[in-house]
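**Student:** What follows is structure_25.csv, CSV, C-alpha atoms and all ligand atoms.
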```csv
chain,number,residue,atom,x,y,z
A,1,MET,CA,-158.3,41.0,116.6
A,2,THR,CA,-160.4,44.1,117.3
A,3,SER,CA,-164.1,44.6,116.5
A,4,THR,CA,-165.7,47.6,115.0
A,5,GLU,CA,-169.3,48.4,115.5
A,6,LEU,CA,-170.7,50.2,112.4
A,7,ALA,CA,-173.7,52.4,112.9
A,8,ASN,CA,-175.3,51.9,109.5
A,9,GLU,CA,-176.7,49.2,107.2
A,10,THR,CA,-173.6,47.0,107.7
A,11,SER,CA,-174.3,47.1,111.4
A,12,VAL,CA,-172.9,43.9,112.7
A,13,THR,CA,-169.9,43.3,114.8
A,14,ILE,CA,-167.2,42.7,112.3
A,15,PRO,CA,-163.7,41.4,112.8
A,16,SER,CA,-161.8,44.2,111.1
A,17,PRO,CA,-159.1,45.2,110.9
A,18,ALA,CA,-156.9,42.4,112.1
A,19,SER,CA,-153.6,44.3,111.9
A,20,PRO,CA,-152.4,47.9,111.8
A,21,TYR,CA,-151.6,47.4,108.1
A,22,GLN,CA,-155.2,46.4,107.4
A,23,GLY,CA,-156.3,49.6,109.3
A,24,ASP,CA,-154.1,51.5,106.8
A,25,ILE,CA,-155.8,49.7,103.8
A,26,ALA,CA,-159.3,50.3,105.2
A,27,ARG,CA,-158.5,54.0,105.5
A,28,TYR,CA,-157.0,54.0,102.0
A,29,TRP,CA,-160.1,52.6,100.4
A,30,ASP,CA,-162.5,54.6,102.6
A,31,GLN,CA,-160.8,57.8,101.2
A,32,GLU,CA,-160.5,56.6,97.6
A,33,ALA,CA,-162.6,58.6,95.2
A,34,ARG,CA,-160.5,58.8,92.0
A,35,PRO,CA,-162.4,60.1,89.0
A,36,VAL,CA,-160.9,57.2,87.0
A,37,ASN,CA,-163.0,54.8,89.1
A,38,LEU,CA,-166.1,56.8,89.7
A,39,ARG,CA,-166.6,58.3,86.2
A,40,LEU,CA,-166.2,54.9,84.6
A,41,GLY,CA,-168.7,53.4,87.0
A,42,ASP,CA,-171.2,56.1,86.2
A,43,VAL,CA,-171.3,54.9,82.6
A,44,ASP,CA,-173.7,52.0,83.6
A,45,GLY,CA,-173.7,51.7,87.4
A,46,LEU,CA,-171.1,48.9,87.6
A,47,TYR,CA,-168.3,50.2,89.8
A,48,HIS,CA,-164.9,48.5,89.4
A,49,HIS,CA,-161.5,49.0,91.0
A,50,HIS,CA,-159.5,47.0,88.6
A,51,TYR,CA,-158.0,47.2,85.1
A,52,GLY,CA,-159.3,46.3,81.6
A,53,ILE,CA,-158.5,43.8,79.0
A,54,GLY,CA,-159.1,43.4,75.3
A,55,ASP,CA,-158.6,45.4,72.1
A,56,VAL,CA,-159.5,49.0,72.0
A,57,ASP,CA,-162.5,49.7,69.7
A,58,ARG,CA,-161.0,52.6,67.7
A,59,ALA,CA,-164.2,53.0,65.7
A,60,ALA,CA,-166.3,53.5,68.8
A,61,LEU,CA,-163.7,56.1,70.1
A,62,GLY,CA,-163.8,58.2,66.9
A,63,PRO,CA,-161.5,61.1,66.2
A,64,ALA,CA,-159.5,62.5,69.2
A,65,ASP,CA,-160.4,66.1,68.5
A,66,ASP,CA,-164.1,65.4,68.6
A,67,ILE,CA,-165.9,67.2,71.4
A,68,ALA,CA,-167.4,63.8,72.6
A,69,TYR,CA,-164.1,62.0,72.6
A,70,GLU,CA,-163.4,62.1,76.3
A,71,LYS,CA,-166.8,60.7,77.1
A,72,LYS,CA,-166.3,57.9,74.6
A,73,LEU,CA,-162.9,57.2,76.0
A,74,VAL,CA,-164.3,56.8,79.5
A,75,ALA,CA,-167.0,54.5,78.1
A,76,GLU,CA,-164.3,52.5,76.3
A,77,LEU,CA,-162.1,52.1,79.4
A,78,HIS,CA,-165.1,51.0,81.4
A,79,ARG,CA,-166.1,48.4,78.7
A,80,LEU,CA,-162.6,46.9,79.0
A,81,GLU,CA,-162.8,46.8,82.8
A,82,SER,CA,-166.2,45.0,82.6
A,83,ALA,CA,-164.7,42.6,80.0
A,84,GLN,CA,-162.0,41.7,82.5
A,85,THR,CA,-164.7,40.6,85.0
A,86,GLY,CA,-166.4,38.7,82.2
A,87,VAL,CA,-163.2,36.7,81.7
A,88,LEU,CA,-163.0,36.0,85.4
A,89,LEU,CA,-166.7,34.8,85.5
A,90,ASP,CA,-166.1,32.6,82.5
A,91,GLN,CA,-163.8,30.5,84.7
A,92,LEU,CA,-166.3,29.8,87.4
A,93,GLY,CA,-167.8,26.8,85.7
A,94,SER,CA,-171.5,26.0,85.9
A,95,ILE,CA,-173.1,28.1,88.7
A,96,GLY,CA,-176.7,27.6,89.6
A,97,ARG,CA,-179.3,30.0,91.1
A,98,ASP,CA,-179.0,28.4,94.5
A,99,ASP,CA,-175.2,28.6,94.6
A,100,THR,CA,-173.3,31.1,96.8
A,101,LEU,CA,-170.2,32.9,95.5
A,102,VAL,CA,-167.6,34.8,97.5
A,103,ASP,CA,-165.9,37.9,96.3
A,104,ALA,CA,-162.8,38.4,98.5
A,105,GLY,CA,-161.9,42.1,98.4
A,106,CYS,CA,-165.1,43.2,96.6
A,107,GLY,CA,-164.5,46.9,96.3
A,108,ARG,CA,-167.6,48.8,95.3
A,109,GLY,CA,-169.2,45.6,94.1
A,110,GLY,CA,-169.1,45.7,90.3
A,111,SER,CA,-168.0,42.1,89.9
A,112,MET,CA,-170.6,40.8,92.4
A,113,VAL,CA,-173.4,42.5,90.4
A,114,MET,CA,-172.1,41.0,87.2
A,115,ALA,CA,-171.9,37.6,88.8
A,116,HIS,CA,-175.5,37.7,90.0
A,117,GLN,CA,-176.7,39.1,86.6
A,118,ARG,CA,-175.0,36.2,84.8
A,119,PHE,CA,-175.9,33.2,87.1
A,120,GLY,CA,-178.8,34.4,89.2
A,121,CYS,CA,-176.9,33.3,92.2
A,122,LYS,CA,-176.1,34.8,95.6
A,123,THR,CA,-172.8,36.7,95.9
A,124,GLU,CA,-171.2,37.6,99.2
A,125,GLY,CA,-168.5,40.2,99.2
A,126,VAL,CA,-166.0,41.3,101.8
A,127,THR,CA,-163.9,44.5,102.0
A,128,LEU,CA,-162.0,46.3,104.7
A,129,SER,CA,-163.7,49.6,103.7
A,130,ALA,CA,-167.0,50.4,105.3
A,131,LYS,CA,-167.5,53.1,102.6
A,132,GLN,CA,-167.1,50.5,99.9
A,133,ALA,CA,-169.5,48.0,101.6
A,134,ASP,CA,-172.1,50.7,102.0
A,135,PHE,CA,-171.7,51.8,98.4
A,136,ALA,CA,-172.0,48.2,97.1
A,137,ASN,CA,-175.1,47.5,99.3
A,138,ARG,CA,-176.7,50.7,98.2
A,139,ARG,CA,-176.2,49.8,94.5
A,140,ALA,CA,-177.6,46.3,95.1
A,141,ARG,CA,-180.7,47.9,96.7
A,142,GLU,CA,-181.1,50.4,93.8
A,143,LEU,CA,-180.9,47.4,91.4
A,144,GLY,CA,-183.4,45.4,93.5
A,145,ILE,CA,-180.9,42.6,94.0
A,146,ASP,CA,-180.0,43.2,97.6
A,147,GLU,CA,-181.3,39.7,98.6
A,148,HIS,CA,-178.7,38.2,96.3
A,149,VAL,CA,-175.8,40.6,96.4
A,150,HIS,CA,-174.3,41.7,99.8
A,151,ALA,CA,-171.1,43.2,100.9
A,152,ARG,CA,-169.8,43.3,104.5
A,153,VAL,CA,-166.8,44.8,106.2
A,154,CYS,CA,-164.6,41.9,107.0
A,155,ASN,CA,-161.1,40.6,106.8
A,156,MET,CA,-160.9,38.1,103.9
A,157,LEU,CA,-158.4,36.0,105.9
A,158,ASP,CA,-161.0,35.3,108.5
A,159,THR,CA,-164.5,35.3,107.1
A,160,PRO,CA,-167.8,34.3,108.8
A,161,PHE,CA,-168.8,32.0,105.8
A,162,GLU,CA,-169.6,28.4,106.5
A,163,THR,CA,-167.0,25.8,105.8
A,164,GLY,CA,-167.4,24.1,102.4
A,165,ARG,CA,-170.5,26.0,101.3
A,166,ALA,CA,-169.2,28.3,98.5
A,167,ALA,CA,-169.5,27.0,94.9
A,168,ALA,CA,-166.8,29.4,93.8
A,169,SER,CA,-164.7,32.3,95.1
A,170,TRP,CA,-162.3,34.9,93.7
A,171,ASN,CA,-159.9,37.7,94.3
A,172,ASN,CA,-160.1,40.4,91.6
A,173,GLU,CA,-157.0,42.5,92.1
A,174,SER,CA,-157.1,42.1,95.9
A,175,SER,CA,-154.6,39.3,96.7
A,176,MET,CA,-151.6,41.7,96.9
A,177,TYR,CA,-152.8,43.0,100.2
A,178,VAL,CA,-152.4,39.7,102.1
A,179,ASP,CA,-150.2,36.7,102.8
A,180,LEU,CA,-151.0,34.2,100.1
A,181,GLY,CA,-150.7,31.1,102.4
A,182,ASP,CA,-153.3,32.7,104.8
A,183,LEU,CA,-155.5,33.7,101.9
A,184,PHE,CA,-155.7,30.4,100.1
A,185,ALA,CA,-156.2,28.5,103.4
A,186,GLU,CA,-159.4,30.6,103.9
A,187,HIS,CA,-160.6,30.1,100.3
A,188,SER,CA,-159.9,26.4,100.7
A,189,ARG,CA,-161.9,26.3,103.9
A,190,ILE,CA,-165.0,28.1,102.5
A,191,LEU,CA,-165.1,26.3,99.1
A,192,GLY,CA,-166.9,23.1,98.6
A,193,ARG,CA,-164.9,20.2,97.2
A,194,GLY,CA,-164.7,20.6,93.4
A,195,GLY,CA,-165.4,24.4,93.8
A,196,ARG,CA,-163.5,26.9,91.7
A,197,TYR,CA,-161.2,29.6,92.8
A,198,VAL,CA,-160.1,32.4,90.4
A,199,THR,CA,-157.7,35.2,90.8
A,200,ILE,CA,-156.8,38.0,88.4
A,201,THR,CA,-153.7,39.8,89.7
A,202,GLY,CA,-150.6,41.6,88.9
A,203,CYS,CA,-147.5,39.6,89.9
A,204,TRP,CA,-143.8,39.9,89.5
A,205,ASN,CA,-142.1,37.6,87.1
A,206,PRO,CA,-139.6,35.2,88.7
A,207,ARG,CA,-137.8,35.1,85.3
A,208,TYR,CA,-136.9,38.7,85.8
A,209,GLY,CA,-135.2,37.8,89.1
A,210,GLN,CA,-136.6,40.2,91.7
A,211,PRO,CA,-139.3,42.9,91.8
A,212,SER,CA,-138.2,45.7,89.4
A,213,LYS,CA,-138.2,49.4,90.3
A,214,TRP,CA,-141.5,49.7,88.5
A,215,VAL,CA,-143.0,46.9,90.7
A,216,SER,CA,-141.7,48.7,93.8
A,217,GLN,CA,-143.3,52.0,92.6
A,218,ILE,CA,-146.7,50.2,92.1
A,219,ASN,CA,-146.4,48.8,95.6
A,220,ALA,CA,-145.7,52.2,97.1
A,221,HIS,CA,-148.5,53.8,95.1
A,222,PHE,CA,-151.2,51.3,96.3
A,223,GLU,CA,-149.6,50.4,99.7
A,224,CYS,CA,-149.6,46.8,98.6
A,225,ASN,CA,-147.2,43.9,98.4
A,226,ILE,CA,-147.2,42.3,94.9
A,227,HIS,CA,-146.3,38.6,95.0
A,228,SER,CA,-144.4,36.6,92.4
A,229,ARG,CA,-146.0,34.1,90.1
A,230,ARG,CA,-144.0,31.4,91.9
A,231,GLU,CA,-145.5,32.4,95.3
A,232,TYR,CA,-149.1,32.1,93.9
A,233,LEU,CA,-148.5,28.5,92.6
A,234,LYS,CA,-146.7,27.4,95.8
A,235,ALA,CA,-149.4,28.8,98.1
A,236,MET,CA,-152.1,27.2,96.0
A,237,ALA,CA,-150.4,23.8,96.0
A,238,ASP,CA,-150.0,24.1,99.8
A,239,ASN,CA,-153.8,24.7,100.2
A,240,ARG,CA,-155.5,22.1,98.0
A,241,LEU,CA,-156.0,24.5,95.1
A,242,VAL,CA,-154.9,22.9,91.9
A,243,PRO,CA,-154.5,25.3,88.9
A,244,GLN,CA,-156.7,24.4,86.0
A,245,ALA,CA,-155.9,27.4,83.8
A,246,ILE,CA,-153.1,29.9,84.0
A,247,VAL,CA,-153.5,32.7,81.5
A,248,ASP,CA,-151.0,35.5,81.0
A,249,LEU,CA,-153.3,38.5,80.4
A,250,THR,CA,-150.4,41.0,80.0
A,251,PRO,CA,-150.7,41.4,76.2
A,252,ALA,CA,-154.5,41.8,76.6
A,253,THR,CA,-154.2,44.5,79.3
A,254,LEU,CA,-151.5,46.7,77.6
A,255,PRO,CA,-154.0,48.4,75.2
A,256,TYR,CA,-156.1,49.5,78.1
A,257,TRP,CA,-153.1,51.1,79.8
A,258,GLU,CA,-151.9,52.7,76.7
A,259,LEU,CA,-155.3,54.2,76.1
A,260,ARG,CA,-155.7,55.3,79.7
A,261,ALA,CA,-152.3,57.0,79.7
A,262,THR,CA,-153.6,59.4,77.0
A,263,SER,CA,-156.7,60.4,79.0
A,264,SER,CA,-157.2,63.3,81.5
A,265,LEU,CA,-158.0,60.6,84.1
A,266,VAL,CA,-154.3,59.6,84.5
A,267,THR,CA,-153.3,58.9,88.1
A,268,GLY,CA,-149.5,59.0,87.5
A,269,ILE,CA,-149.0,55.2,87.9
A,270,GLU,CA,-149.6,54.4,84.2
A,271,GLU,CA,-145.9,54.6,83.2
A,272,ALA,CA,-144.9,52.0,85.9
A,273,PHE,CA,-147.5,49.6,84.6
A,274,ILE,CA,-146.6,50.0,81.0
A,275,ASN,CA,-142.9,49.9,81.5
A,276,SER,CA,-143.0,46.8,83.8
A,277,TYR,CA,-145.3,44.9,81.5
A,278,LYS,CA,-143.0,45.7,78.6
A,279,ASP,CA,-139.7,44.8,80.3
A,280,GLY,CA,-141.1,41.5,81.5
A,281,SER,CA,-140.8,42.2,85.2
A,282,PHE,CA,-144.5,42.3,85.8
A,283,GLN,CA,-147.4,40.2,84.6
A,284,TYR,CA,-151.2,40.4,84.6
A,285,LEU,CA,-152.2,36.9,85.4
A,286,MET,CA,-155.3,34.9,85.8
A,287,ILE,CA,-155.2,31.6,87.6
A,288,ALA,CA,-158.3,29.4,87.9
A,289,ALA,CA,-157.9,26.5,90.3
A,290,ASP,CA,-160.0,23.6,91.5
A,291,ARG,CA,-160.5,23.0,95.2
A,292,VAL,CA,-159.6,19.3,95.6
A,301,LIG,N1,-162.3,43.3,93.6
A,301,LIG,C1,-162.7,44.7,93.5
A,301,LIG,C2,-161.9,45.7,94.2
A,301,LIG,C3,-160.4,45.6,94.1
A,301,LIG,S1,-159.5,46.9,95.0
A,301,LIG,C4,-162.8,45.1,92.0
A,301,LIG,O1,-162.4,44.3,91.1
A,301,LIG,O2,-163.4,46.1,91.7
A,301,LIG,C5,-158.9,46.0,96.4
A,301,LIG,C6,-159.9,45.6,97.4
A,301,LIG,O3,-159.3,44.6,98.3
A,301,LIG,C7,-160.5,46.7,98.3
A,301,LIG,O4,-161.9,46.6,98.3
A,301,LIG,C8,-160.0,46.4,99.7
A,301,LIG,O5,-160.8,46.8,100.8
A,301,LIG,C9,-159.8,44.9,99.6
A,301,LIG,N2,-159.0,44.3,100.6
A,301,LIG,C10,-157.7,44.4,100.8
A,301,LIG,N3,-157.2,43.7,101.9
A,301,LIG,C11,-158.3,43.0,102.4
A,301,LIG,C12,-158.6,42.1,103.4
A,301,LIG,N4,-157.6,41.7,104.2
A,301,LIG,N5,-159.8,41.7,103.6
A,301,LIG,C13,-160.9,42.1,102.9
A,301,LIG,N6,-160.7,43.0,101.8
A,301,LIG,C14,-159.5,43.4,101.6
```
Can you turn what I pasted into structure tokens?

**Tutor:**
Amino acid sequence: MTSTELANETSVTIPSPASPYQGDIARYWDQEARPVNLRLGDVDGLYHHHYGIGDVDRAALGPADDIAYEKKLVAELHRLESAQTGVLLDQLGSIGRDDTLVDAGCGRGGSMVMAHQRFGCKTEGVTLSAKQADFANRRARELGIDEHVHARVCNMLDTPFETGRAAASWNNESSMYVDLGDLFAEHSRILGRGGRYVTITGCWNPRYGQPSKWVSQINAHFECNIHSRREYLKAMADNRLVPQAIVDLTPATLPYWELRATSSLVTGIEEAFINSYKDGSFQYLMIAADRV
């Protein structure tokens, strides 16, 4: 493992990256500045790098030929992305102000801010990207919540968090970058007994057989490695994480993708998501598990 000294506000010696692949992922997210992420975040200052769920509010969108339509569409996509985080937070159980939560693969920190706003608790995030960690910490300072919300550059498979201290932890669309056995071993270590772990993730469907060509395209686009539903459940069972709820969010995320595909913010990967969700080869899944 190598150490990187960062000459900025995240200036601590951090164990990252642990592998050449993680170096690639750190560079990917350091360079990422897609309008679809930044313009949506600008709506209310919550910056997400994940997808949306829920029905599209057609009344709020209004007619497509209206001059304000594009702006409304951006706001609507953002509303659906924040709704996704809301559904994840709903699964965390009763969290008190003195509790600490861990956001593994925290991106620009939107989910961490929402967690603090809901529970008043402390939220610690880790990301491979120094740019993302700086961004998240700057936002927390601007919001005056930097004592409660903090991001650091760190490998989520090897975090500095104390054993058994976290009340809950999650991966919001970040588990496809790591080996699931290693990931769940680390969540299991940092979570207190009875703590809650939640993931929202795309996974390939074992019923389909093998990863479809669409799933392979998504992997290539994001330089990730989508796991199957079966792998999630196996790795959880191996690491004292017992699923309490498994929710197929695929029907709930399709409206988001179909709306996004009509916008000027398309990134080119929309077709792969829509086709694979429709042919059953790919699923958008939430799993909430108890650390036993
Ligand atoms: N959860 C965030 C960001 C998702 S994007 C959100 O919902 O907005 C994927 C994130 O996973 C990026 O921040 C990336 O840096 C992080 N990531 C990938 N592999 C990681 C690893 N091994 N350790 C820590 N973070 C990792």

**Student:** With distances taken over all atoms listed in the file, which residue among A:Tyr21, A:Trp170, A:Tyr177, A:Trp257 lies nearest ligand LIG 301 (chain A)?

**Tutor:**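 Ranked by minimum distance to ligand LIG 301 (chain A), first place goes to A:Tyr177.
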
**Student:** Counting only C-alpha atoms and all ligand atoms, what residues are within 7 Å of ligand LIG 301 (chain A), given as a short mmCIF file (atom, residue, chain, number, x, y, z; two decimals) with C-alpha atoms, in the frame of the given file?

**Tutor:**
```cif
data_model
loop_
_atom_site.label_atom_id
_atom_site.label_comp_id
_atom_site.auth_asym_id
_atom_site.auth_seq_id
_atom_site.Cartn_x
_atom_site.Cartn_y
_atom_site.Cartn_z
CA GLN A 22 -155.20 46.40 107.40
CA ILE A 25 -155.80 49.70 103.80
CA ALA A 26 -159.30 50.30 105.20
CA TRP A 29 -160.10 52.60 100.40
CA TYR A 47 -168.30 50.20 89.80
CA HIS A 48 -164.90 48.50 89.40
CA HIS A 49 -161.50 49.00 91.00
CA HIS A 50 -159.50 47.00 88.60
CA ALA A 104 -162.80 38.40 98.50
CA GLY A 105 -161.90 42.10 98.40
CA CYS A 106 -165.10 43.20 96.60
CA GLY A 107 -164.50 46.90 96.30
CA ARG A 108 -167.60 48.80 95.30
CA GLY A 109 -169.20 45.60 94.10
CA GLY A 110 -169.10 45.70 90.30
CA SER A 111 -168.00 42.10 89.90
CA VAL A 126 -166.00 41.30 101.80
CA THR A 127 -163.90 44.50 102.00
CA LEU A 128 -162.00 46.30 104.70
CA SER A 129 -163.70 49.60 103.70
CA GLN A 132 -167.10 50.50 99.90
CA CYS A 154 -164.60 41.90 107.00
CA ASN A 155 -161.10 40.60 106.80
CA MET A 156 -160.90 38.10 103.90
CA LEU A 157 -158.40 36.00 105.90
CA ASN A 171 -159.90 37.70 94.30
CA ASN A 172 -160.10 40.40 91.60
CA GLU A 173 -157.00 42.50 92.10
CA SER A 174 -157.10 42.10 95.90
CA TYR A 177 -152.80 43.00 100.20
CA VAL A 178 -152.40 39.70 102.10
#
```

**Student:** Tell me which of A:Pro206, A:Gly96, A:Gly144, A:Gly195 sits closest to Lys122 in chain A, counting all atoms listed in the file.

**Tutor:**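 Nearest to Lys122 in chain A: A:Gly96.
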
**Student:** Find the residue from A:Asp66, A:Glu32, A:Asp24, A:Arg39 that sits nearest to Cys224 in chain A; use only C-alpha atoms when measuring.

**Tutor:**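 Of A:Asp66, A:Glu32, A:Asp24, A:Arg39, the one nearest Cys224 in chain A, counting only C-alpha atoms, is A:Asp24.
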
**Student:** Measuring between only C-alpha atoms, which one of A:Ser212, A:Thr262, A:Thr267, A:Ser188 shows the shortest distance to Met236 in chain A?

**Tutor:** A:Ser188

**Student:** Report the distance between CA of Ser264 in chain A and CA of Asp65 in chain A in Å, rounded to one decimal place.

**Tutor:** 13.7 Å

**Student:** So, with only C-alpha atoms as the atoms that count, which of A:Glu270, A:Thr85, A:Gly93, A:Leu40 lies closest to Glu70 in chain A?

**Tutor:**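 Closest to Glu70 in chain A of all the choices is A:Leu40.
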
**Student:** Leaving out Lys278 in chain A and any residue of its chain fewer than 3 positions from it, which residues lie within 12 Å of it when counting all atoms listed in the file, given as an NGL selection string?

**Tutor:** :A and (205 or 208 or 212 or 214 or 250-251 or 253-255 or 257-258 or 271-275 or 281-284)

**Student:** When you count only C-alpha atoms, which of these residues is closest to Ala140 in chain A: A:Ser216, A:Gln91, A:Asn225, A:Thr123?

**Tutor:** A:Thr123

**Student:** By how many Å are CA of Thr100 in chain A and CA of Gly86 in chain A apart?

**Tutor:** 17.8 Å

**Student:** May I have the residues within 6 Å of Ser228 in chain A as number ranges by chain, using all atoms listed in the file and disregarding those fewer than 3 positions away in the same chain?

**Tutor:** A: 203-205, 231

**Student:** If I take CA of Ala237 in chain A and CA of Gly194 in chain A, how far is one from the other in Å, to one decimal?

**Tutor:** 14.9 Å

**Student:** For range 239-245 of chain A, find every residue with an atom within 7 Å (counting all atoms listed in the file), except residues of its own chain fewer than 3 positions away, and show them as a ChimeraX atom specification.

**Tutor:** /A:184-185,188,235-236,287-292

**Student:** Now that the selection is made, can you save its residues with C-alpha atoms as an mmCIF file, in the coordinates of the input?

**Tutor:**
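See part.cif below for the written result:
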```cif
data_model
loop_
_atom_site.group_PDB
_atom_site.id
_atom_site.type_symbol
_atom_site.label_atom_id
_atom_site.label_comp_id
_atom_site.auth_asym_id
_atom_site.auth_seq_id
_atom_site.Cartn_x
_atom_site.Cartn_y
_atom_site.Cartn_z
ATOM 1 C CA PHE A 184 -155.700 30.400 100.100
ATOM 2 C CA ALA A 185 -156.200 28.500 103.400
ATOM 3 C CA SER A 188 -159.900 26.400 100.700
ATOM 4 C CA ALA A 235 -149.400 28.800 98.100
ATOM 5 C CA MET A 236 -152.100 27.200 96.000
ATOM 6 C CA ILE A 287 -155.200 31.600 87.600
ATOM 7 C CA ALA A 288 -158.300 29.400 87.900
ATOM 8 C CA ALA A 289 -157.900 26.500 90.300
ATOM 9 C CA ASP A 290 -160.000 23.600 91.500
ATOM 10 C CA ARG A 291 -160.500 23.000 95.200
ATOM 11 C CA VAL A 292 -159.600 19.300 95.600
#
```
